[in-house]
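> Dropping in work_16.cif, with mmCIF, N, CA and C atoms.
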data_query
#
loop_
_atom_site.label_atom_id
_atom_site.label_comp_id
_atom_site.auth_asym_id
_atom_site.auth_seq_id
_atom_site.Cartn_x
_atom_site.Cartn_y
_atom_site.Cartn_z
N MET A 1 -19.16 -1.98 -11.07
CA MET A 1 -18.48 -2.70 -10.02
C MET A 1 -17.00 -2.30 -10.01
N ALA A 2 -16.49 -1.96 -8.88
CA ALA A 2 -15.09 -1.56 -8.74
C ALA A 2 -14.19 -2.79 -8.84
N ALA A 3 -12.93 -2.55 -9.16
CA ALA A 3 -11.96 -3.64 -9.23
C ALA A 3 -11.74 -4.22 -7.84
N TYR A 4 -11.28 -5.44 -7.80
CA TYR A 4 -10.98 -6.08 -6.52
C TYR A 4 -9.85 -5.31 -5.83
N GLN A 5 -9.98 -5.18 -4.51
CA GLN A 5 -8.98 -4.49 -3.71
C GLN A 5 -8.09 -5.46 -2.93
N THR A 6 -8.68 -6.56 -2.44
CA THR A 6 -7.93 -7.55 -1.66
C THR A 6 -8.32 -8.94 -2.12
N VAL A 7 -7.32 -9.70 -2.55
CA VAL A 7 -7.51 -11.06 -3.05
C VAL A 7 -6.83 -12.01 -2.07
N VAL A 8 -7.59 -12.98 -1.55
CA VAL A 8 -7.04 -14.00 -0.66
C VAL A 8 -6.95 -15.30 -1.45
N VAL A 9 -5.82 -15.99 -1.33
CA VAL A 9 -5.63 -17.28 -1.99
C VAL A 9 -4.99 -18.24 -1.01
N GLY A 10 -5.41 -19.50 -1.08
CA GLY A 10 -4.84 -20.53 -0.21
C GLY A 10 -3.82 -21.37 -0.94
N THR A 11 -2.81 -21.81 -0.21
CA THR A 11 -1.83 -22.75 -0.77
C THR A 11 -1.47 -23.78 0.28
N ASP A 12 -1.23 -25.00 -0.20
CA ASP A 12 -0.72 -26.05 0.69
C ASP A 12 0.60 -26.60 0.17
N GLY A 13 1.15 -25.93 -0.82
CA GLY A 13 2.42 -26.37 -1.39
C GLY A 13 2.27 -27.31 -2.56
N SER A 14 1.06 -27.69 -2.90
CA SER A 14 0.84 -28.58 -4.04
C SER A 14 0.90 -27.80 -5.35
N ASP A 15 1.13 -28.50 -6.44
CA ASP A 15 1.14 -27.85 -7.75
C ASP A 15 -0.21 -27.19 -8.03
N SER A 16 -1.28 -27.85 -7.64
CA SER A 16 -2.62 -27.31 -7.85
C SER A 16 -2.79 -25.98 -7.12
N SER A 17 -2.36 -25.92 -5.88
CA SER A 17 -2.53 -24.68 -5.12
C SER A 17 -1.63 -23.57 -5.65
N TYR A 18 -0.45 -23.94 -6.16
CA TYR A 18 0.43 -22.93 -6.75
C TYR A 18 -0.17 -22.36 -8.03
N ALA A 19 -0.91 -23.18 -8.78
CA ALA A 19 -1.60 -22.67 -9.97
C ALA A 19 -2.66 -21.64 -9.55
N ALA A 20 -3.32 -21.88 -8.43
CA ALA A 20 -4.30 -20.91 -7.92
C ALA A 20 -3.59 -19.62 -7.50
N VAL A 21 -2.42 -19.75 -6.89
CA VAL A 21 -1.63 -18.56 -6.51
C VAL A 21 -1.27 -17.76 -7.76
N ASP A 22 -0.84 -18.45 -8.80
CA ASP A 22 -0.48 -17.77 -10.04
C ASP A 22 -1.66 -16.96 -10.58
N ARG A 23 -2.84 -17.57 -10.61
CA ARG A 23 -4.03 -16.89 -11.13
C ARG A 23 -4.43 -15.72 -10.23
N ALA A 24 -4.40 -15.95 -8.91
CA ALA A 24 -4.76 -14.88 -7.97
C ALA A 24 -3.79 -13.71 -8.10
N ALA A 25 -2.52 -14.00 -8.27
CA ALA A 25 -1.51 -12.94 -8.41
C ALA A 25 -1.74 -12.15 -9.69
N ALA A 26 -2.11 -12.83 -10.76
CA ALA A 26 -2.39 -12.13 -12.02
C ALA A 26 -3.60 -11.22 -11.87
N VAL A 27 -4.64 -11.70 -11.21
CA VAL A 27 -5.83 -10.88 -10.96
C VAL A 27 -5.47 -9.67 -10.10
N ALA A 28 -4.70 -9.91 -9.04
CA ALA A 28 -4.29 -8.82 -8.15
C ALA A 28 -3.43 -7.80 -8.91
N ALA A 29 -2.53 -8.28 -9.74
CA ALA A 29 -1.68 -7.37 -10.51
C ALA A 29 -2.52 -6.52 -11.45
N ASP A 30 -3.47 -7.13 -12.15
CA ASP A 30 -4.33 -6.40 -13.08
C ASP A 30 -5.18 -5.35 -12.37
N ALA A 31 -5.62 -5.67 -11.15
CA ALA A 31 -6.51 -4.78 -10.41
C ALA A 31 -5.75 -3.80 -9.51
N GLY A 32 -4.44 -3.99 -9.37
CA GLY A 32 -3.69 -3.19 -8.42
C GLY A 32 -4.07 -3.52 -6.98
N ALA A 33 -4.49 -4.75 -6.77
CA ALA A 33 -4.98 -5.19 -5.46
C ALA A 33 -3.87 -5.79 -4.62
N THR A 34 -4.13 -5.91 -3.34
CA THR A 34 -3.26 -6.65 -2.42
C THR A 34 -3.63 -8.12 -2.52
N ILE A 35 -2.63 -8.98 -2.56
CA ILE A 35 -2.87 -10.41 -2.51
C ILE A 35 -2.41 -10.92 -1.15
N VAL A 36 -3.26 -11.69 -0.50
CA VAL A 36 -2.94 -12.29 0.80
C VAL A 36 -2.89 -13.79 0.57
N ILE A 37 -1.71 -14.37 0.74
CA ILE A 37 -1.51 -15.80 0.52
C ILE A 37 -1.56 -16.50 1.88
N VAL A 38 -2.44 -17.49 1.99
CA VAL A 38 -2.70 -18.17 3.26
C VAL A 38 -2.29 -19.63 3.16
N CYS A 39 -1.62 -20.12 4.20
CA CYS A 39 -1.29 -21.54 4.31
C CYS A 39 -1.77 -22.02 5.67
N ALA A 40 -2.75 -22.91 5.67
CA ALA A 40 -3.23 -23.49 6.92
C ALA A 40 -2.33 -24.66 7.31
N PHE A 41 -2.14 -24.85 8.59
CA PHE A 41 -1.28 -25.94 9.06
C PHE A 41 -1.76 -26.43 10.41
N PHE A 42 -1.32 -27.62 10.75
CA PHE A 42 -1.52 -28.17 12.08
C PHE A 42 -0.16 -28.41 12.69
N PRO A 43 0.06 -27.94 13.92
CA PRO A 43 1.33 -28.25 14.57
C PRO A 43 1.47 -29.76 14.69
N ALA A 44 2.63 -30.26 14.41
CA ALA A 44 2.84 -31.70 14.46
C ALA A 44 4.15 -32.01 15.15
N SER A 45 4.14 -33.08 15.92
CA SER A 45 5.38 -33.53 16.54
C SER A 45 6.22 -34.23 15.47
N LYS A 46 7.47 -34.43 15.78
CA LYS A 46 8.37 -35.11 14.83
C LYS A 46 7.85 -36.50 14.51
N ASP A 47 7.36 -37.22 15.53
CA ASP A 47 6.83 -38.57 15.31
C ASP A 47 5.61 -38.54 14.38
N GLU A 48 4.75 -37.54 14.56
CA GLU A 48 3.58 -37.43 13.70
C GLU A 48 3.96 -37.14 12.26
N VAL A 49 4.96 -36.29 12.06
CA VAL A 49 5.41 -35.96 10.71
C VAL A 49 6.01 -37.20 10.05
N LEU A 50 6.85 -37.94 10.78
CA LEU A 50 7.45 -39.15 10.23
C LEU A 50 6.39 -40.18 9.88
N ARG A 51 5.40 -40.34 10.75
CA ARG A 51 4.31 -41.28 10.49
C ARG A 51 3.52 -40.85 9.26
N ALA A 52 3.26 -39.58 9.14
CA ALA A 52 2.53 -39.06 7.98
C ALA A 52 3.31 -39.31 6.70
N GLN A 53 4.62 -39.10 6.75
CA GLN A 53 5.44 -39.33 5.56
C GLN A 53 5.43 -40.80 5.17
N ASP A 54 5.45 -41.70 6.17
CA ASP A 54 5.40 -43.13 5.89
C ASP A 54 4.06 -43.52 5.27
N GLU A 55 2.98 -42.97 5.80
CA GLU A 55 1.64 -43.35 5.35
C GLU A 55 1.19 -42.60 4.11
N LEU A 56 1.58 -41.34 3.97
CA LEU A 56 1.06 -40.51 2.89
C LEU A 56 2.02 -40.30 1.73
N GLY A 57 3.28 -40.58 1.95
CA GLY A 57 4.25 -40.38 0.87
C GLY A 57 4.30 -38.94 0.43
N ASP A 58 4.09 -38.70 -0.87
CA ASP A 58 4.16 -37.36 -1.44
C ASP A 58 3.07 -36.42 -0.91
N GLU A 59 2.02 -36.97 -0.38
CA GLU A 59 0.93 -36.13 0.14
C GLU A 59 1.20 -35.63 1.55
N ALA A 60 2.32 -35.99 2.14
CA ALA A 60 2.64 -35.61 3.52
C ALA A 60 2.82 -34.11 3.68
N TYR A 61 3.00 -33.37 2.57
CA TYR A 61 3.15 -31.92 2.68
C TYR A 61 1.92 -31.29 3.33
N GLN A 62 0.81 -32.00 3.34
CA GLN A 62 -0.41 -31.45 3.92
C GLN A 62 -0.42 -31.55 5.45
N VAL A 63 0.50 -32.30 6.02
CA VAL A 63 0.55 -32.50 7.46
C VAL A 63 1.87 -31.93 7.96
N VAL A 64 1.91 -30.61 8.10
CA VAL A 64 3.17 -29.94 8.44
C VAL A 64 2.97 -28.96 9.58
N GLY A 65 4.06 -28.57 10.19
CA GLY A 65 4.01 -27.52 11.20
C GLY A 65 4.25 -26.17 10.56
N SER A 66 4.47 -25.14 11.37
CA SER A 66 4.55 -23.78 10.83
C SER A 66 5.83 -23.51 10.03
N ALA A 67 6.95 -24.17 10.33
CA ALA A 67 8.17 -23.91 9.57
C ALA A 67 8.01 -24.31 8.11
N PRO A 68 7.53 -25.52 7.81
CA PRO A 68 7.27 -25.86 6.40
C PRO A 68 6.19 -24.97 5.78
N ALA A 69 5.22 -24.54 6.56
CA ALA A 69 4.20 -23.63 6.04
C ALA A 69 4.85 -22.32 5.60
N GLU A 70 5.79 -21.84 6.37
CA GLU A 70 6.50 -20.61 6.00
C GLU A 70 7.29 -20.81 4.71
N ASP A 71 7.88 -21.98 4.54
CA ASP A 71 8.60 -22.28 3.29
C ASP A 71 7.63 -22.28 2.11
N THR A 72 6.47 -22.88 2.31
CA THR A 72 5.44 -22.90 1.27
C THR A 72 5.01 -21.48 0.92
N LEU A 73 4.83 -20.66 1.93
CA LEU A 73 4.43 -19.27 1.70
C LEU A 73 5.51 -18.49 0.95
N GLN A 74 6.77 -18.74 1.26
CA GLN A 74 7.85 -18.05 0.54
C GLN A 74 7.85 -18.44 -0.93
N SER A 75 7.66 -19.72 -1.21
CA SER A 75 7.59 -20.16 -2.61
C SER A 75 6.40 -19.52 -3.32
N ALA A 76 5.27 -19.45 -2.63
CA ALA A 76 4.08 -18.84 -3.21
C ALA A 76 4.30 -17.35 -3.44
N ARG A 77 4.96 -16.68 -2.51
CA ARG A 77 5.28 -15.25 -2.67
C ARG A 77 6.14 -15.04 -3.91
N ASP A 78 7.15 -15.88 -4.09
CA ASP A 78 8.03 -15.78 -5.25
C ASP A 78 7.23 -15.92 -6.54
N ARG A 79 6.28 -16.84 -6.55
CA ARG A 79 5.44 -17.03 -7.74
C ARG A 79 4.56 -15.81 -7.97
N ALA A 80 4.03 -15.24 -6.90
CA ALA A 80 3.16 -14.06 -7.03
C ALA A 80 3.93 -12.88 -7.60
N VAL A 81 5.16 -12.70 -7.15
CA VAL A 81 6.01 -11.63 -7.69
C VAL A 81 6.23 -11.86 -9.18
N LYS A 82 6.53 -13.09 -9.55
CA LYS A 82 6.78 -13.43 -10.95
C LYS A 82 5.54 -13.17 -11.81
N ALA A 83 4.35 -13.34 -11.22
CA ALA A 83 3.09 -13.11 -11.95
C ALA A 83 2.71 -11.63 -12.00
N GLY A 84 3.50 -10.78 -11.33
CA GLY A 84 3.26 -9.35 -11.42
C GLY A 84 2.61 -8.69 -10.22
N ALA A 85 2.30 -9.46 -9.20
CA ALA A 85 1.69 -8.86 -7.99
C ALA A 85 2.72 -7.98 -7.29
N ARG A 86 2.25 -6.87 -6.75
CA ARG A 86 3.16 -5.93 -6.08
C ARG A 86 2.92 -5.85 -4.57
N ASN A 87 1.69 -5.88 -4.15
CA ASN A 87 1.35 -5.80 -2.73
C ASN A 87 1.01 -7.21 -2.24
N ILE A 88 1.96 -7.85 -1.57
CA ILE A 88 1.82 -9.26 -1.20
C ILE A 88 1.98 -9.42 0.30
N ASP A 89 1.00 -10.06 0.93
CA ASP A 89 1.09 -10.45 2.33
C ASP A 89 1.00 -11.97 2.39
N THR A 90 1.69 -12.57 3.36
CA THR A 90 1.57 -14.01 3.57
C THR A 90 1.21 -14.25 5.02
N ILE A 91 0.46 -15.32 5.24
CA ILE A 91 0.06 -15.64 6.61
C ILE A 91 -0.10 -17.14 6.78
N ALA A 92 0.56 -17.68 7.80
CA ALA A 92 0.38 -19.08 8.19
C ALA A 92 -0.67 -19.11 9.29
N VAL A 93 -1.69 -19.94 9.11
CA VAL A 93 -2.81 -19.98 10.05
C VAL A 93 -2.97 -21.40 10.58
N LYS A 94 -2.97 -21.54 11.89
CA LYS A 94 -3.17 -22.84 12.50
C LYS A 94 -4.64 -23.23 12.36
N GLY A 95 -4.89 -24.40 11.77
CA GLY A 95 -6.26 -24.88 11.67
C GLY A 95 -6.63 -25.43 10.31
N GLU A 96 -7.92 -25.67 10.13
CA GLU A 96 -8.48 -26.23 8.90
C GLU A 96 -8.40 -25.22 7.76
N PRO A 97 -8.15 -25.67 6.54
CA PRO A 97 -8.04 -24.74 5.40
C PRO A 97 -9.28 -23.88 5.17
N VAL A 98 -10.46 -24.45 5.22
CA VAL A 98 -11.67 -23.67 4.95
C VAL A 98 -11.83 -22.56 5.98
N ASP A 99 -11.66 -22.89 7.24
CA ASP A 99 -11.78 -21.88 8.30
C ASP A 99 -10.69 -20.81 8.16
N ALA A 100 -9.47 -21.24 7.85
CA ALA A 100 -8.37 -20.29 7.71
C ALA A 100 -8.64 -19.31 6.57
N LEU A 101 -9.13 -19.82 5.45
CA LEU A 101 -9.42 -18.95 4.31
C LEU A 101 -10.59 -18.02 4.60
N ARG A 102 -11.66 -18.57 5.15
CA ARG A 102 -12.84 -17.75 5.45
C ARG A 102 -12.51 -16.68 6.48
N ASP A 103 -11.82 -17.04 7.54
CA ASP A 103 -11.48 -16.08 8.58
C ASP A 103 -10.53 -15.00 8.07
N THR A 104 -9.54 -15.40 7.27
CA THR A 104 -8.61 -14.42 6.71
C THR A 104 -9.34 -13.48 5.77
N ALA A 105 -10.23 -14.01 4.95
CA ALA A 105 -11.00 -13.15 4.03
C ALA A 105 -11.82 -12.13 4.81
N GLN A 106 -12.42 -12.54 5.92
CA GLN A 106 -13.19 -11.60 6.75
C GLN A 106 -12.28 -10.58 7.43
N GLU A 107 -11.19 -11.05 8.04
CA GLU A 107 -10.28 -10.15 8.76
C GLU A 107 -9.65 -9.11 7.84
N ARG A 108 -9.32 -9.52 6.62
CA ARG A 108 -8.66 -8.63 5.67
C ARG A 108 -9.65 -7.88 4.78
N ARG A 109 -10.95 -8.14 5.00
CA ARG A 109 -12.01 -7.52 4.19
C ARG A 109 -11.78 -7.77 2.70
N ALA A 110 -11.47 -9.01 2.40
CA ALA A 110 -11.22 -9.41 1.01
C ALA A 110 -12.51 -9.34 0.21
N ASP A 111 -12.36 -9.06 -1.08
CA ASP A 111 -13.53 -9.08 -1.95
C ASP A 111 -13.43 -10.19 -2.99
N LEU A 112 -12.33 -10.97 -2.96
CA LEU A 112 -12.20 -12.14 -3.81
C LEU A 112 -11.37 -13.18 -3.09
N LEU A 113 -11.84 -14.43 -3.15
CA LEU A 113 -11.13 -15.56 -2.57
C LEU A 113 -10.85 -16.54 -3.71
N VAL A 114 -9.61 -16.98 -3.86
CA VAL A 114 -9.23 -17.85 -4.97
C VAL A 114 -8.74 -19.19 -4.42
N VAL A 115 -9.25 -20.26 -5.00
CA VAL A 115 -8.83 -21.62 -4.63
C VAL A 115 -8.71 -22.45 -5.90
N GLY A 116 -7.93 -23.52 -5.82
CA GLY A 116 -7.85 -24.48 -6.92
C GLY A 116 -9.04 -25.42 -6.85
N ASN A 117 -9.27 -26.17 -7.93
CA ASN A 117 -10.43 -27.06 -7.97
C ASN A 117 -10.13 -28.45 -7.43
N ARG A 118 -8.94 -28.68 -6.91
CA ARG A 118 -8.56 -30.00 -6.41
C ARG A 118 -9.57 -30.50 -5.38
N GLY A 119 -10.05 -31.70 -5.57
CA GLY A 119 -11.00 -32.30 -4.64
C GLY A 119 -12.44 -32.13 -5.05
N LEU A 120 -12.74 -31.24 -5.98
CA LEU A 120 -14.13 -31.02 -6.38
C LEU A 120 -14.77 -32.25 -7.01
N ASN A 121 -14.01 -32.98 -7.80
CA ASN A 121 -14.58 -34.09 -8.54
C ASN A 121 -14.19 -35.46 -7.99
N THR A 122 -13.74 -35.50 -6.75
CA THR A 122 -13.40 -36.78 -6.15
C THR A 122 -14.59 -37.31 -5.35
N LEU A 123 -14.60 -38.60 -5.14
CA LEU A 123 -15.67 -39.19 -4.35
C LEU A 123 -15.64 -38.64 -2.93
N ALA A 124 -14.45 -38.55 -2.33
CA ALA A 124 -14.33 -38.00 -0.98
C ALA A 124 -14.82 -36.56 -0.95
N GLY A 125 -14.48 -35.80 -1.98
CA GLY A 125 -14.92 -34.41 -2.04
C GLY A 125 -16.43 -34.29 -2.11
N ARG A 126 -17.07 -35.21 -2.85
CA ARG A 126 -18.53 -35.16 -2.96
C ARG A 126 -19.20 -35.59 -1.67
N ILE A 127 -18.60 -36.54 -0.98
CA ILE A 127 -19.21 -37.05 0.26
C ILE A 127 -18.88 -36.15 1.45
N LEU A 128 -17.62 -35.83 1.63
CA LEU A 128 -17.17 -35.09 2.81
C LEU A 128 -17.13 -33.58 2.59
N GLY A 129 -17.10 -33.17 1.36
CA GLY A 129 -16.96 -31.74 1.07
C GLY A 129 -15.50 -31.43 0.80
N SER A 130 -15.25 -30.69 -0.25
CA SER A 130 -13.89 -30.32 -0.61
C SER A 130 -13.64 -28.88 -0.18
N VAL A 131 -12.37 -28.50 -0.13
CA VAL A 131 -12.04 -27.11 0.22
C VAL A 131 -12.70 -26.14 -0.76
N PRO A 132 -12.59 -26.36 -2.08
CA PRO A 132 -13.23 -25.39 -2.99
C PRO A 132 -14.74 -25.26 -2.79
N SER A 133 -15.43 -26.39 -2.65
CA SER A 133 -16.89 -26.29 -2.51
C SER A 133 -17.28 -25.67 -1.17
N GLU A 134 -16.56 -26.01 -0.11
CA GLU A 134 -16.88 -25.43 1.20
C GLU A 134 -16.57 -23.94 1.24
N VAL A 135 -15.47 -23.53 0.64
CA VAL A 135 -15.12 -22.11 0.59
C VAL A 135 -16.19 -21.34 -0.19
N ALA A 136 -16.60 -21.90 -1.33
CA ALA A 136 -17.62 -21.23 -2.14
C ALA A 136 -18.93 -21.10 -1.38
N ARG A 137 -19.25 -22.10 -0.59
CA ARG A 137 -20.51 -22.10 0.16
C ARG A 137 -20.48 -21.19 1.39
N LYS A 138 -19.32 -21.07 2.03
CA LYS A 138 -19.26 -20.41 3.34
C LYS A 138 -18.59 -19.04 3.36
N SER A 139 -17.96 -18.61 2.28
CA SER A 139 -17.08 -17.45 2.37
C SER A 139 -17.79 -16.10 2.45
N GLY A 140 -18.88 -15.91 1.74
CA GLY A 140 -19.56 -14.61 1.76
C GLY A 140 -18.95 -13.57 0.84
N VAL A 141 -17.92 -13.94 0.06
CA VAL A 141 -17.31 -13.04 -0.92
C VAL A 141 -17.23 -13.78 -2.25
N ASP A 142 -16.90 -13.06 -3.31
CA ASP A 142 -16.71 -13.70 -4.60
C ASP A 142 -15.63 -14.77 -4.48
N VAL A 143 -15.86 -15.90 -5.14
CA VAL A 143 -14.89 -17.00 -5.12
C VAL A 143 -14.55 -17.36 -6.56
N LEU A 144 -13.26 -17.43 -6.83
CA LEU A 144 -12.77 -17.90 -8.12
C LEU A 144 -12.16 -19.27 -7.90
N ILE A 145 -12.75 -20.28 -8.56
CA ILE A 145 -12.21 -21.64 -8.48
C ILE A 145 -11.42 -21.87 -9.76
N VAL A 146 -10.12 -22.00 -9.61
CA VAL A 146 -9.21 -22.14 -10.74
C VAL A 146 -9.10 -23.59 -11.15
N HIS A 147 -9.31 -23.86 -12.43
CA HIS A 147 -9.16 -25.21 -12.94
C HIS A 147 -7.68 -25.56 -12.97
N THR A 148 -7.26 -26.48 -12.09
CA THR A 148 -5.83 -26.78 -11.93
C THR A 148 -5.50 -28.23 -12.19
N THR A 149 -6.50 -29.08 -12.36
CA THR A 149 -6.23 -30.51 -12.53
C THR A 149 -6.78 -31.01 -13.84
#
Any chance you could put this one into structure tokens?

Amino acid sequence: MAAYQTVVVGTDGSDSSYAAVDRAAAVAADAGATIVIVCAFFPASKDEVLRAQDELGDEAYQVVGSAPAEDTLQSARDRAVKAGARNIDTIAVKGEPVDALRDTAQERRADLLVVGNRGLNTLAGRILGSVPSEVARKSGVDVLIVHTT
């Protein structure tokens, strides 16, 4: 089996997702692969963002528009460089995380998709489906689920 050529990893700005970026970057560095860092987002009005911050507190980072997504991607890029990755692409994708990761993996012809395990062991994750489990089920490429919690 040849080394991975393109590694896709998702981030939402959480510590858990940054741990997945760190692992994906290390894999990409070892393989000499390109790492594609993806941040899914939903456009939000100012009122929606303020309401989300009031209701979600620290979890409001998940309800952001493209400017905060770009900030998240820059932070993830910095981490990937620190982990030794050399060929780094970033992309902000409007939409659901699972669809954004799956579509990016197909478009970039990725052979590895990396996600954190956040949500795998929660009740909501078991009932509704978590990003890691849905990505593993729907992606069609190798999936590395990084233990981050």
> Which value, in Å to one decimal, gives the distance between atom C of Val135 of chain A and atom C of Asp22 of chain A?
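Between these atoms lies a distance of 18.4 Å.
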> Pick from A:Gly140, A:Gly95, A:Gly13, A:Pro132: nearest to Asp111 of chain A, with only N, CA and C atoms counted?
A:Gly140
> What is the distance, in Å and to one decimal place, between atom N of Val8 of chain A and atom C of Glu96 of chain A?
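Atom-to-atom, atom N of Val8 of chain A to atom C of Glu96 of chain A, that is 15.4 Å.
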> With a distance cut-off of 8 Å and all atoms listed in the file, select the neighbouring residues of Ser17 of chain A, excluding the residue or stretch itself and same-chain residues fewer than 5 positions from it, and output the selection as a list in words.
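That gives Val9, Gly10, Thr11, Asp12, Asp22, Arg23, Ala76, Val115, Gly116, Asn117, Arg118 and Thr148 of chain A.
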> Using only N, CA and C atoms for the distances, tell me which of A:Ala20, A:Val93, A:Leu73, A:Val27 is nearest to Phe42 of chain A.
A:Val93
> Expand the PyMOL selection byres (((chain A and resi 33 and name CA) around 6) and name CA) into the individual residues it matches in the shown file, reporting them as a ChimeraX atom specification.
/A:5-6,28,31-32,34
> Any idea what the distance is between atom CA of Ala92 of chain A and atom CA of Ala25 of chain A?
17.8 Å
> Just checking: using only N, CA and C atoms, which residue out of A:Asp142, A:Asp78, A:Ala40, A:Ala29 ends up closest to Leu112 of chain A?
A:Asp142
> Which residue is closest to Ile145 of chain A? Choose from A:Val36, A:Ile91, A:Val21, A:Ala105 and count only C-alpha atoms.
A:Val21
